[in-house]
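K.L.:
Enclosed is the structure file model-v1.cif (mmCIF, C-alpha atoms).
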```
data_my_file
#
loop_
_atom_site.label_atom_id
_atom_site.label_comp_id
_atom_site.auth_asym_id
_atom_site.auth_seq_id
_atom_site.Cartn_x
_atom_site.Cartn_y
_atom_site.Cartn_z
CA MET A 1209 96.20 81.69 99.01
CA SER A 1210 98.83 82.90 101.48
CA LYS A 1211 98.40 85.23 104.42
CA VAL A 1212 100.74 88.12 103.70
CA LEU A 1213 101.76 91.03 105.92
CA LEU A 1214 102.72 93.83 103.53
CA VAL A 1215 105.08 96.33 105.19
CA GLY A 1216 106.02 99.69 103.70
CA LYS A 1217 105.26 103.39 103.47
CA GLY A 1218 101.78 104.45 102.40
CA PHE A 1219 99.93 107.72 102.99
CA PRO A 1220 101.04 110.44 103.73
CA ASP A 1221 104.14 109.47 101.77
CA ARG A 1222 104.10 109.95 98.00
CA GLY A 1223 106.42 108.36 95.51
CA GLY A 1224 107.37 105.01 94.06
CA ILE A 1225 107.02 102.71 97.08
CA PRO A 1226 103.59 103.99 98.23
CA THR A 1227 102.34 103.84 94.64
CA PHE A 1228 103.65 100.31 94.21
CA LEU A 1229 102.10 99.13 97.48
CA ASN A 1230 98.77 100.64 96.55
CA THR A 1231 98.83 98.74 93.25
CA LEU A 1232 99.70 95.46 94.96
CA ARG A 1233 96.98 95.78 97.58
CA HIS A 1234 94.18 96.74 95.23
CA GLY A 1235 95.24 94.78 92.15
CA GLU A 1236 95.52 91.14 91.20
CA LEU A 1237 97.89 90.23 94.04
CA GLY A 1238 95.23 91.33 96.52
CA GLU A 1239 92.82 88.90 94.88
CA LEU A 1240 95.29 86.01 95.00
CA HIS A 1241 96.35 86.42 98.64
CA GLN A 1242 94.97 87.62 101.95
CA ILE A 1243 96.93 90.84 102.46
CA THR A 1244 97.21 92.86 105.65
CA PHE A 1245 98.95 96.22 105.30
CA LEU A 1246 101.24 97.75 107.92
CA ASN A 1247 101.86 101.38 107.00
CA VAL A 1248 105.21 102.53 108.41
CA ALA A 1249 104.96 106.09 107.07
CA HIS A 1250 104.89 108.89 109.61
CA PHE A 1251 103.58 112.44 109.75
CA ASP A 1252 106.70 113.97 111.30
CA THR A 1253 109.46 115.90 109.49
CA PRO A 1254 111.27 113.54 107.10
CA GLU A 1255 114.69 112.35 108.33
CA GLY A 1256 115.47 109.73 105.69
CA GLY A 1257 118.78 107.86 106.06
CA GLU A 1258 119.82 109.68 109.25
CA VAL A 1259 120.60 108.35 112.73
CA THR A 1260 118.20 110.43 114.81
CA ALA A 1261 116.22 109.84 117.99
CA GLY A 1262 113.03 110.01 115.95
CA ASN A 1263 114.18 107.39 113.45
CA ILE A 1264 115.39 105.04 116.20
CA SER A 1265 112.08 105.37 118.06
CA ARG A 1266 110.04 104.80 114.90
CA THR A 1267 112.13 101.77 113.92
CA LEU A 1268 111.62 100.12 117.31
CA ARG A 1269 107.90 100.89 117.17
CA ASP A 1270 107.62 99.48 113.65
CA ALA A 1271 109.56 96.33 114.60
CA ARG A 1272 107.16 95.77 117.51
CA ASN A 1273 104.21 96.20 115.16
CA VAL A 1274 105.69 93.73 112.66
CA PHE A 1275 106.25 91.22 115.46
CA ARG A 1276 102.68 91.69 116.69
CA MET A 1277 101.00 91.58 113.27
CA ALA A 1278 103.13 88.75 111.81
CA LYS A 1279 101.50 86.20 114.11
CA GLY A 1280 99.67 83.70 111.91
CA GLN A 1281 101.05 85.18 108.68
CA ASP A 1282 102.76 83.00 106.08
CA ILE A 1283 104.87 85.76 104.55
CA VAL A 1284 106.09 89.18 105.66
CA HIS A 1285 106.73 91.23 102.51
CA ILE A 1286 108.87 94.30 103.33
CA HIS A 1287 109.47 97.18 100.93
CA SER A 1288 112.54 99.38 101.44
CA ALA A 1289 115.02 101.55 99.57
CA LEU A 1290 117.65 99.26 101.18
CA ALA A 1291 120.33 101.98 101.26
CA PRO A 1292 122.11 103.66 103.00
CA ALA A 1293 123.29 101.88 106.18
CA VAL A 1294 120.54 103.22 108.46
CA THR A 1295 117.86 102.04 106.05
CA VAL A 1296 119.50 98.61 105.69
CA GLY A 1297 119.68 98.18 109.46
CA ARG A 1298 116.05 99.19 109.84
CA ALA A 1299 114.93 96.77 107.12
CA GLY A 1300 116.93 93.97 108.74
CA LEU A 1301 115.30 94.59 112.12
CA LEU A 1302 111.81 94.49 110.59
CA GLY A 1303 112.72 91.28 108.80
CA LEU A 1304 113.99 89.74 112.02
CA ALA A 1305 110.72 90.63 113.78
CA GLY A 1306 108.77 88.80 111.10
CA ARG A 1307 111.07 85.79 111.10
CA LEU A 1308 110.86 85.41 114.89
CA ARG A 1309 107.11 84.98 114.45
CA GLY A 1310 107.70 82.04 112.12
CA ALA A 1311 106.86 83.83 108.86
CA LYS A 1312 108.96 83.67 105.73
CA VAL A 1313 110.36 87.12 104.89
CA VAL A 1314 110.60 88.62 101.40
CA MET A 1315 112.54 91.89 101.09
CA HIS A 1316 111.66 94.10 98.11
CA ALA A 1317 114.48 96.55 97.26
CA HIS A 1318 113.48 99.79 95.50
CA GLY A 1319 116.44 102.15 96.03
CA GLY A 1320 118.30 103.19 92.89
CA ASN A 1321 121.40 104.21 94.87
CA ILE A 1322 122.11 100.65 96.05
CA GLU A 1323 124.54 100.06 93.20
CA THR A 1324 126.70 103.04 94.21
CA TRP A 1325 126.43 102.43 97.97
CA LEU A 1326 126.95 98.67 98.10
CA THR A 1327 130.54 98.75 96.86
CA THR A 1328 132.76 98.17 99.90
CA ARG A 1329 133.53 95.15 102.05
CA ARG A 1330 131.91 96.89 105.01
CA THR A 1331 128.61 97.68 103.29
CA ARG A 1332 128.38 94.20 101.80
CA ALA A 1333 128.96 92.66 105.25
CA LEU A 1334 126.22 94.87 106.70
CA MET A 1335 123.84 93.84 103.93
CA ARG A 1336 124.53 90.13 104.50
CA LEU A 1337 123.95 90.50 108.23
CA ALA A 1338 120.74 92.50 107.83
CA MET A 1339 119.33 90.07 105.24
CA ARG A 1340 120.01 86.89 107.25
CA PRO A 1341 116.38 86.62 108.44
CA THR A 1342 115.17 87.07 104.86
CA SER A 1343 114.17 84.13 102.68
CA HIS A 1344 114.53 86.05 99.43
CA VAL A 1345 115.33 89.52 98.13
CA VAL A 1346 113.63 91.11 95.12
CA ALA A 1347 115.25 93.86 93.06
CA VAL A 1348 113.19 95.98 90.68
CA TRP A 1349 116.02 96.80 88.27
CA SER A 1350 118.79 94.80 86.63
CA ALA A 1351 121.84 96.55 88.16
CA GLY A 1352 120.26 96.22 91.60
CA GLU A 1353 119.79 92.49 91.07
CA GLN A 1354 123.44 92.11 90.07
CA THR A 1355 124.78 94.27 92.93
CA LEU A 1356 122.68 92.57 95.60
CA GLY A 1357 123.45 89.17 94.13
CA ARG A 1358 127.19 89.76 94.44
CA ALA A 1359 126.75 90.74 98.08
CA LEU A 1360 124.27 88.04 99.14
CA GLY A 1361 125.31 85.10 97.00
CA PRO A 1362 123.71 82.83 94.39
CA GLY A 1363 119.98 82.21 94.55
CA ARG A 1364 119.19 84.92 97.12
CA VAL A 1365 118.09 87.67 94.71
CA SER A 1366 115.76 87.84 91.74
CA LEU A 1367 114.49 90.57 89.42
CA ILE A 1368 110.80 91.41 89.23
CA ASP A 1369 109.94 94.39 87.05
CA ASN A 1370 107.69 97.13 88.36
CA GLY A 1371 104.34 97.27 86.63
CA VAL A 1372 101.63 99.83 85.99
CA ASP A 1373 97.86 99.47 85.98
CA THR A 1374 97.29 100.18 82.30
CA SER A 1375 93.53 100.24 82.80
CA ARG A 1376 93.84 103.31 85.08
CA PHE A 1377 96.52 105.28 83.26
CA VAL A 1378 95.10 105.76 79.78
CA PRO A 1379 95.76 108.24 76.96
CA ALA A 1380 93.65 111.34 76.46
CA GLU A 1381 93.15 113.50 73.41
CA THR A 1382 95.34 116.30 74.74
CA ASP A 1383 97.14 118.93 72.70
CA ASN A 1384 97.84 121.94 74.86
CA HIS A 1385 99.04 125.29 73.51
CA PRO A 1386 101.75 125.76 74.60
CA PRO A 1387 102.58 122.09 75.24
CA ARG A 1388 102.96 121.02 78.86
CA VAL A 1389 106.02 119.23 80.24
CA LEU A 1390 105.18 117.27 83.39
CA TYR A 1391 107.58 116.16 86.13
CA VAL A 1392 106.33 113.86 88.91
CA GLY A 1393 108.54 113.19 91.92
CA LEU A 1394 110.06 114.63 95.05
CA LEU A 1395 111.17 118.26 94.89
CA THR A 1396 114.88 117.75 95.46
CA PRO A 1397 118.04 118.39 93.42
CA ARG A 1398 118.90 114.65 93.35
CA LYS A 1399 115.81 114.13 91.20
CA GLY A 1400 117.32 116.45 88.61
CA VAL A 1401 114.62 119.10 89.02
CA LEU A 1402 117.16 121.95 88.92
CA ASP A 1403 118.51 120.49 85.68
CA LEU A 1404 115.00 120.44 84.24
CA ILE A 1405 114.35 124.02 85.30
CA GLU A 1406 117.61 125.10 83.63
CA ALA A 1407 116.69 123.18 80.47
CA SER A 1408 113.33 124.96 80.46
CA ARG A 1409 115.13 128.31 80.69
CA LEU A 1410 117.37 127.39 77.77
CA LEU A 1411 114.35 126.50 75.65
CA ARG A 1412 112.52 129.70 76.57
CA ASP A 1413 115.58 131.72 75.58
CA GLU A 1414 115.37 130.04 72.16
CA GLY A 1415 111.69 130.94 71.88
CA VAL A 1416 110.43 127.37 72.33
CA GLU A 1417 107.09 127.88 74.05
CA HIS A 1418 106.04 125.40 76.73
CA GLU A 1419 104.71 125.16 80.27
CA LEU A 1420 106.67 123.29 82.95
CA LEU A 1421 104.60 121.54 85.62
CA LEU A 1422 106.21 120.14 88.78
CA LEU A 1423 104.09 117.70 90.76
CA GLY A 1424 105.53 116.46 94.02
CA GLY A 1425 106.16 117.01 97.69
CA MET A 1426 108.91 117.28 100.26
CA PRO A 1427 111.88 114.91 99.90
CA ASP A 1428 112.77 112.15 102.37
CA GLU A 1429 115.86 114.05 103.54
CA GLY A 1430 113.75 116.93 104.86
CA PRO A 1431 112.17 120.21 103.71
CA GLU A 1432 115.49 122.05 103.49
CA ALA A 1433 116.40 119.87 100.50
CA ALA A 1434 113.45 121.34 98.60
CA GLU A 1435 114.46 124.96 99.15
CA PRO A 1436 116.79 125.27 96.10
CA VAL A 1437 114.11 123.76 93.86
CA LEU A 1438 111.37 126.05 95.16
CA ALA A 1439 113.59 129.09 94.67
CA ALA A 1440 114.63 128.11 91.15
CA ALA A 1441 111.06 127.29 90.11
CA GLU A 1442 109.74 130.75 90.87
CA GLY A 1443 108.58 132.39 87.66
CA VAL A 1444 109.68 129.38 85.57
CA ALA A 1445 107.53 126.41 86.59
CA ARG A 1446 104.07 125.83 88.02
CA LEU A 1447 104.08 123.93 91.30
CA LEU A 1448 101.15 121.53 91.52
CA GLY A 1449 101.78 120.18 95.03
CA THR A 1450 100.88 116.53 95.65
CA ARG A 1451 97.89 114.48 94.55
CA PRO A 1452 96.23 111.38 95.99
CA PRO A 1453 96.68 108.23 93.87
CA GLU A 1454 93.17 108.40 92.43
CA GLU A 1455 93.88 111.81 90.88
CA MET A 1456 97.20 110.94 89.23
CA PRO A 1457 95.78 109.52 85.95
CA ALA A 1458 94.12 112.87 85.23
CA GLU A 1459 97.40 114.73 85.81
CA TYR A 1460 99.22 112.63 83.22
CA ALA A 1461 96.29 112.92 80.84
CA ASP A 1462 96.51 116.71 81.04
CA ALA A 1463 100.18 116.81 79.94
CA ASP A 1464 101.90 116.50 76.56
CA VAL A 1465 105.42 115.35 77.49
CA PHE A 1466 106.82 113.65 80.57
CA CYS A 1467 110.31 114.30 81.91
CA LEU A 1468 112.24 112.58 84.72
CA PRO A 1469 115.85 113.87 84.90
CA SER A 1470 116.91 112.02 88.09
CA TRP A 1471 120.52 111.46 89.14
CA TRP A 1472 119.65 107.91 90.18
CA GLU A 1473 116.61 105.65 89.91
CA ALA A 1474 115.79 101.94 89.89
CA MET A 1475 112.73 101.34 87.71
CA PRO A 1476 110.69 104.53 88.16
CA LEU A 1477 106.94 104.03 88.31
CA SER A 1478 106.35 107.60 87.20
CA VAL A 1479 107.90 106.77 83.84
CA LEU A 1480 105.70 103.68 83.50
CA GLU A 1481 102.60 105.67 84.44
CA ALA A 1482 103.45 108.34 81.88
CA MET A 1483 104.04 105.71 79.18
CA SER A 1484 100.75 103.98 79.99
CA ALA A 1485 99.05 107.39 79.71
CA GLY A 1486 100.41 107.73 76.19
CA LEU A 1487 103.07 110.38 76.84
CA PRO A 1488 106.44 110.56 75.13
CA VAL A 1489 109.17 110.43 77.76
CA VAL A 1490 112.49 112.24 78.17
CA ALA A 1491 114.50 110.85 81.06
CA SER A 1492 118.05 110.50 82.33
CA ASP A 1493 120.01 107.32 81.68
CA VAL A 1494 119.92 105.84 85.17
CA GLY A 1495 118.73 102.52 86.55
CA ASP A 1496 116.61 100.63 84.04
CA VAL A 1497 115.21 103.76 82.37
CA SER A 1498 116.85 102.90 79.05
CA ARG A 1499 115.17 99.48 79.18
CA LEU A 1500 111.80 101.19 79.55
CA VAL A 1501 112.18 104.14 77.21
CA THR A 1502 113.19 102.91 73.76
CA PRO A 1503 113.95 105.45 70.99
CA GLU A 1504 110.42 104.93 69.67
CA CYS A 1505 108.98 106.11 73.01
CA GLY A 1506 111.13 109.18 73.64
CA ALA A 1507 114.72 109.93 74.56
CA VAL A 1508 117.22 108.94 77.25
CA VAL A 1509 119.97 111.46 78.03
CA PRO A 1510 122.91 111.68 80.46
CA ALA A 1511 122.08 112.79 83.98
CA LYS A 1512 123.10 116.27 85.18
CA ASP A 1513 123.18 117.70 81.62
CA PRO A 1514 120.58 120.48 81.16
CA GLN A 1515 121.69 121.17 77.57
CA ARG A 1516 121.17 117.56 76.45
CA LEU A 1517 117.85 117.59 78.29
CA ALA A 1518 116.79 120.74 76.43
CA ASP A 1519 117.89 119.23 73.10
CA ALA A 1520 115.77 116.13 73.69
CA LEU A 1521 112.72 118.12 74.77
CA ARG A 1522 112.96 120.61 71.90
CA GLY A 1523 111.95 118.20 69.15
CA LEU A 1524 108.88 117.03 71.04
CA LEU A 1525 107.76 120.52 71.95
CA VAL A 1526 107.85 121.83 68.40
CA ASP A 1527 106.44 118.73 66.67
CA PRO A 1528 102.91 117.59 67.66
CA GLU A 1529 103.08 114.64 65.26
CA LEU A 1530 106.27 113.35 66.92
CA ARG A 1531 104.58 113.66 70.32
CA ARG A 1532 101.61 111.66 69.07
CA ARG A 1533 103.71 108.94 67.45
CA GLN A 1534 106.05 108.46 70.41
CA GLY A 1535 103.15 108.63 72.85
CA GLU A 1536 101.40 105.79 71.04
CA ALA A 1537 104.61 103.74 71.14
CA SER A 1538 104.95 104.42 74.88
CA ARG A 1539 101.43 103.15 75.51
CA ARG A 1540 102.03 99.97 73.51
CA ARG A 1541 105.26 99.22 75.35
CA ALA A 1542 103.69 99.72 78.79
CA VAL A 1543 100.77 97.44 77.95
CA GLU A 1544 102.87 94.71 76.34
CA ALA A 1545 105.86 94.60 78.70
CA PHE A 1546 105.21 96.35 82.03
CA SER A 1547 101.67 95.73 83.24
CA SER A 1548 100.85 95.41 86.93
CA THR A 1549 99.25 92.04 86.14
CA ALA A 1550 102.63 90.64 85.07
CA THR A 1551 104.23 92.01 88.26
CA ALA A 1552 101.51 90.51 90.48
CA ARG A 1553 101.87 87.09 88.86
CA ALA A 1554 105.66 87.14 89.31
CA ILE A 1555 105.29 88.00 93.00
CA ASP A 1556 102.62 85.31 93.36
CA ARG A 1557 105.06 82.71 91.96
CA LEU A 1558 107.74 83.93 94.37
CA PHE A 1559 105.39 83.63 97.35
CA HIS A 1560 104.61 80.05 96.32
CA ASP A 1561 108.31 79.19 95.99
CA VAL A 1562 109.22 80.79 99.32
CA ARG A 1563 106.41 78.99 101.17
CA HIS A 1564 107.29 75.61 99.68
CA GLY A 1565 111.02 75.85 100.22
CA ASP A 1566 112.22 76.55 96.68
CA HIS A 1567 113.91 79.64 98.15
CA ALA A 1568 115.73 79.06 101.43
#
```
Give the structure from this file in structure tokens form.

P.N.:
Amino acid sequence: MSKVLLVGKGFPDRGGIPTFLNTLRHGELGELHQITFLNVAHFDTPEGGEVTAGNISRTLRDARNVFRMAKGQDIVHIHSALAPAVTVGRAGLLGLAGRLRGAKVVMHAHGGNIETWLTTRRTRALMRLAMRPTSHVVAVWSAGEQTLGRALGPGRVSLIDNGVDTSRFVPAETDNHPPRVLYVGLLTPRKGVLDLIEASRLLRDEGVEHELLLLGGMPDEGPEAAEPVLAAAEGVARLLGTRPPEEMPAEYADADVFCLPSWWEAMPLSVLEAMSAGLPVVASDVGDVSRLVTPECGAVVPAKDPQRLADALRGLLVDPELRRRQGEASRRRAVEAFSSTATARAIDRLFHDVRHGDHA
């Protein structure tokens, strides 16, 4: 059993990283290791990826807290989007604080835009500098592993799939009239929400009855980024706000189809949660989505294409039997290939290797 300082954003943040951290802390990894959690979320206005006085102050405060809390820890396990430059620099400083205390540092990269950002000599040099205190870097999707590996060199990066607690997210006997399409994520155009709203309009114009549900909160880049989504959703979609983690299984169980039309992703936990809950999935072809969503489980379509999105949703909305069949296939795939138990065991093996020198 290792002593692990887990560093990342929890409440009040919502989204992939807080959900993932919650699963790690309260799942099998929490039974295998002594985990202390440092929550670096804040209650102020989001300023993600920007050089602001608030972000600089919070980064220095968080680095001090890592340095203080890393005393006596074996591993500091940091979770970050790891792009753009501001976020990389912040992650590097937190890693340095942990390393100065004598802990091994594992950096867990979650940001689906790494592969488009980490493409120049300058950004690769910044990444190498920021990751110098880090013993190992984990990517949660295959293109991220390859991109980070090219920047950091052989043996520095490995792939560990995200996983879902399939005992919490379970199917329900739901058949709503009209069927409900659920989106879970931040309310921002980069998540493709405007594309989904337009696809819903196209389907309504054809007479395809359905209800569009948008569950999510303010984006990292600030509330102004949500304004176009809120305006477009009026009269078209029902805004559900946010939910605490313990209420999310019921939200999936109350839907008929799940849709995530993002412009970029890594390995989205919302898709895994929906699959575990027995929902057919329509999602954009970004990150490792196509590795999750096979044709038996739903459909993968190009990003930023409302018409293709509408075409994929149409068949599911008009055919309850297709929804049932693909939902059952989604559940099987989540249980067999993407359980949180498998993720916890992979991280456990990595912790062992890092502690015993198998990773520098």

K.L.:
Could you tell me, as number ranges by chain, exactly which residues end up selected when the PyMOL selection byres ((chain A and resi 1405) around 9) is applied to this structure?

P.N.:
A: 1400-1404, 1406-1410, 1420, 1437, 1440-1441, 1444-1445, 1514

K.L.:
I need the residue nearest A:Lys1512 from this list: A:Ala1482, A:Leu1360, A:Leu1334, A:Leu1468. Use only C-alpha atoms for the distance.

P.N.:
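When distances to A:Lys1512 are compared using only C-alpha atoms, the smallest one comes from A:Leu1468.
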
K.L.:
With a distance cut-off of 8 Å and all atoms listed in the file, select the neighbouring residues of A:Pro1457, excluding the residue or stretch itself and same-chain residues fewer than 4 positions from it, and output the selection as a ChimeraX atom specification.

P.N.:
/A:1376-1378,1461,1481,1485

K.L.:
Output C-alpha atoms of each residue in that selection to a file, as a PDB file, in the coordinates of the input.

P.N.:
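Output saved as selection.pdb:
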```pdb
ATOM      1  CA  ARG A1376      93.840 103.310  85.080  1.00  0.00           C
ATOM      2  CA  PHE A1377      96.520 105.280  83.260  1.00  0.00           C
ATOM      3  CA  VAL A1378      95.100 105.760  79.780  1.00  0.00           C
ATOM      4  CA  ALA A1461      96.290 112.920  80.840  1.00  0.00           C
ATOM      5  CA  GLU A1481     102.600 105.670  84.440  1.00  0.00           C
ATOM      6  CA  ALA A1485      99.050 107.390  79.710  1.00  0.00           C
TER       7      ALA A1485
END
```

K.L.:
What residues have an atom no more than 12 Å from (110.9, 81.1, 114.5) in the file's own frame, counting all atoms listed in the file, and can you write them as a CSV table (one decimal) with C-alpha atoms, keeping the file's coordinate frame?

P.N.:
```
chain,number,residue,atom,x,y,z
A,1275,PHE,CA,106.2,91.2,115.5
A,1278,ALA,CA,103.1,88.8,111.8
A,1279,LYS,CA,101.5,86.2,114.1
A,1280,GLY,CA,99.7,83.7,111.9
A,1282,ASP,CA,102.8,83.0,106.1
A,1303,GLY,CA,112.7,91.3,108.8
A,1304,LEU,CA,114.0,89.7,112.0
A,1305,ALA,CA,110.7,90.6,113.8
A,1306,GLY,CA,108.8,88.8,111.1
A,1307,ARG,CA,111.1,85.8,111.1
A,1308,LEU,CA,110.9,85.4,114.9
A,1309,ARG,CA,107.1,85.0,114.4
A,1310,GLY,CA,107.7,82.0,112.1
A,1311,ALA,CA,106.9,83.8,108.9
A,1312,LYS,CA,109.0,83.7,105.7
A,1313,VAL,CA,110.4,87.1,104.9
A,1341,PRO,CA,116.4,86.6,108.4
```

K.L.:
Quick one, how far is atom CA of A:Leu1480 from atom CA of A:Gly1216?

P.N.:
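Answer for the atom CA of A:Leu1480 to atom CA of A:Gly1216 separation: 20.6 Å.
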
K.L.:
Report, in Å to a single decimal, how far apart atom CA of A:Val1494 and atom CA of A:Leu1301 are.

P.N.:
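Distance reported for this atom pair: 29.6 Å.
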
K.L.:
Please enumerate the residues selected by the PyMOL selection byres ((chain A and resi 1302) around 12) when evaluated against the supplied file, formatted as a PyMOL selection string.

P.N.:
chain A and resi 1213-1216+1246+1248+1266-1278+1284-1288+1295-1301+1303-1309+1311+1313-1315+1338-1342

K.L.:
Step by step, work through what the PyMOL selection byres ((chain A and resi 1531) around 10) selects in the shown file, and finish by giving those residues as a ChimeraX atom specification.

P.N.:
/A:1383,1387,1464-1465,1486-1489,1505-1506,1523-1530,1532-1537

K.L.:
Using only C-alpha atoms, find the one residue out of A:Val1509, A:Val1212, A:Ile1264, A:Ala1380 that sits nearest to A:Glu1239.

P.N.:
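Going through A:Val1509, A:Val1212, A:Ile1264, A:Ala1380 one by one, the smallest distance to A:Glu1239 is for A:Val1212.
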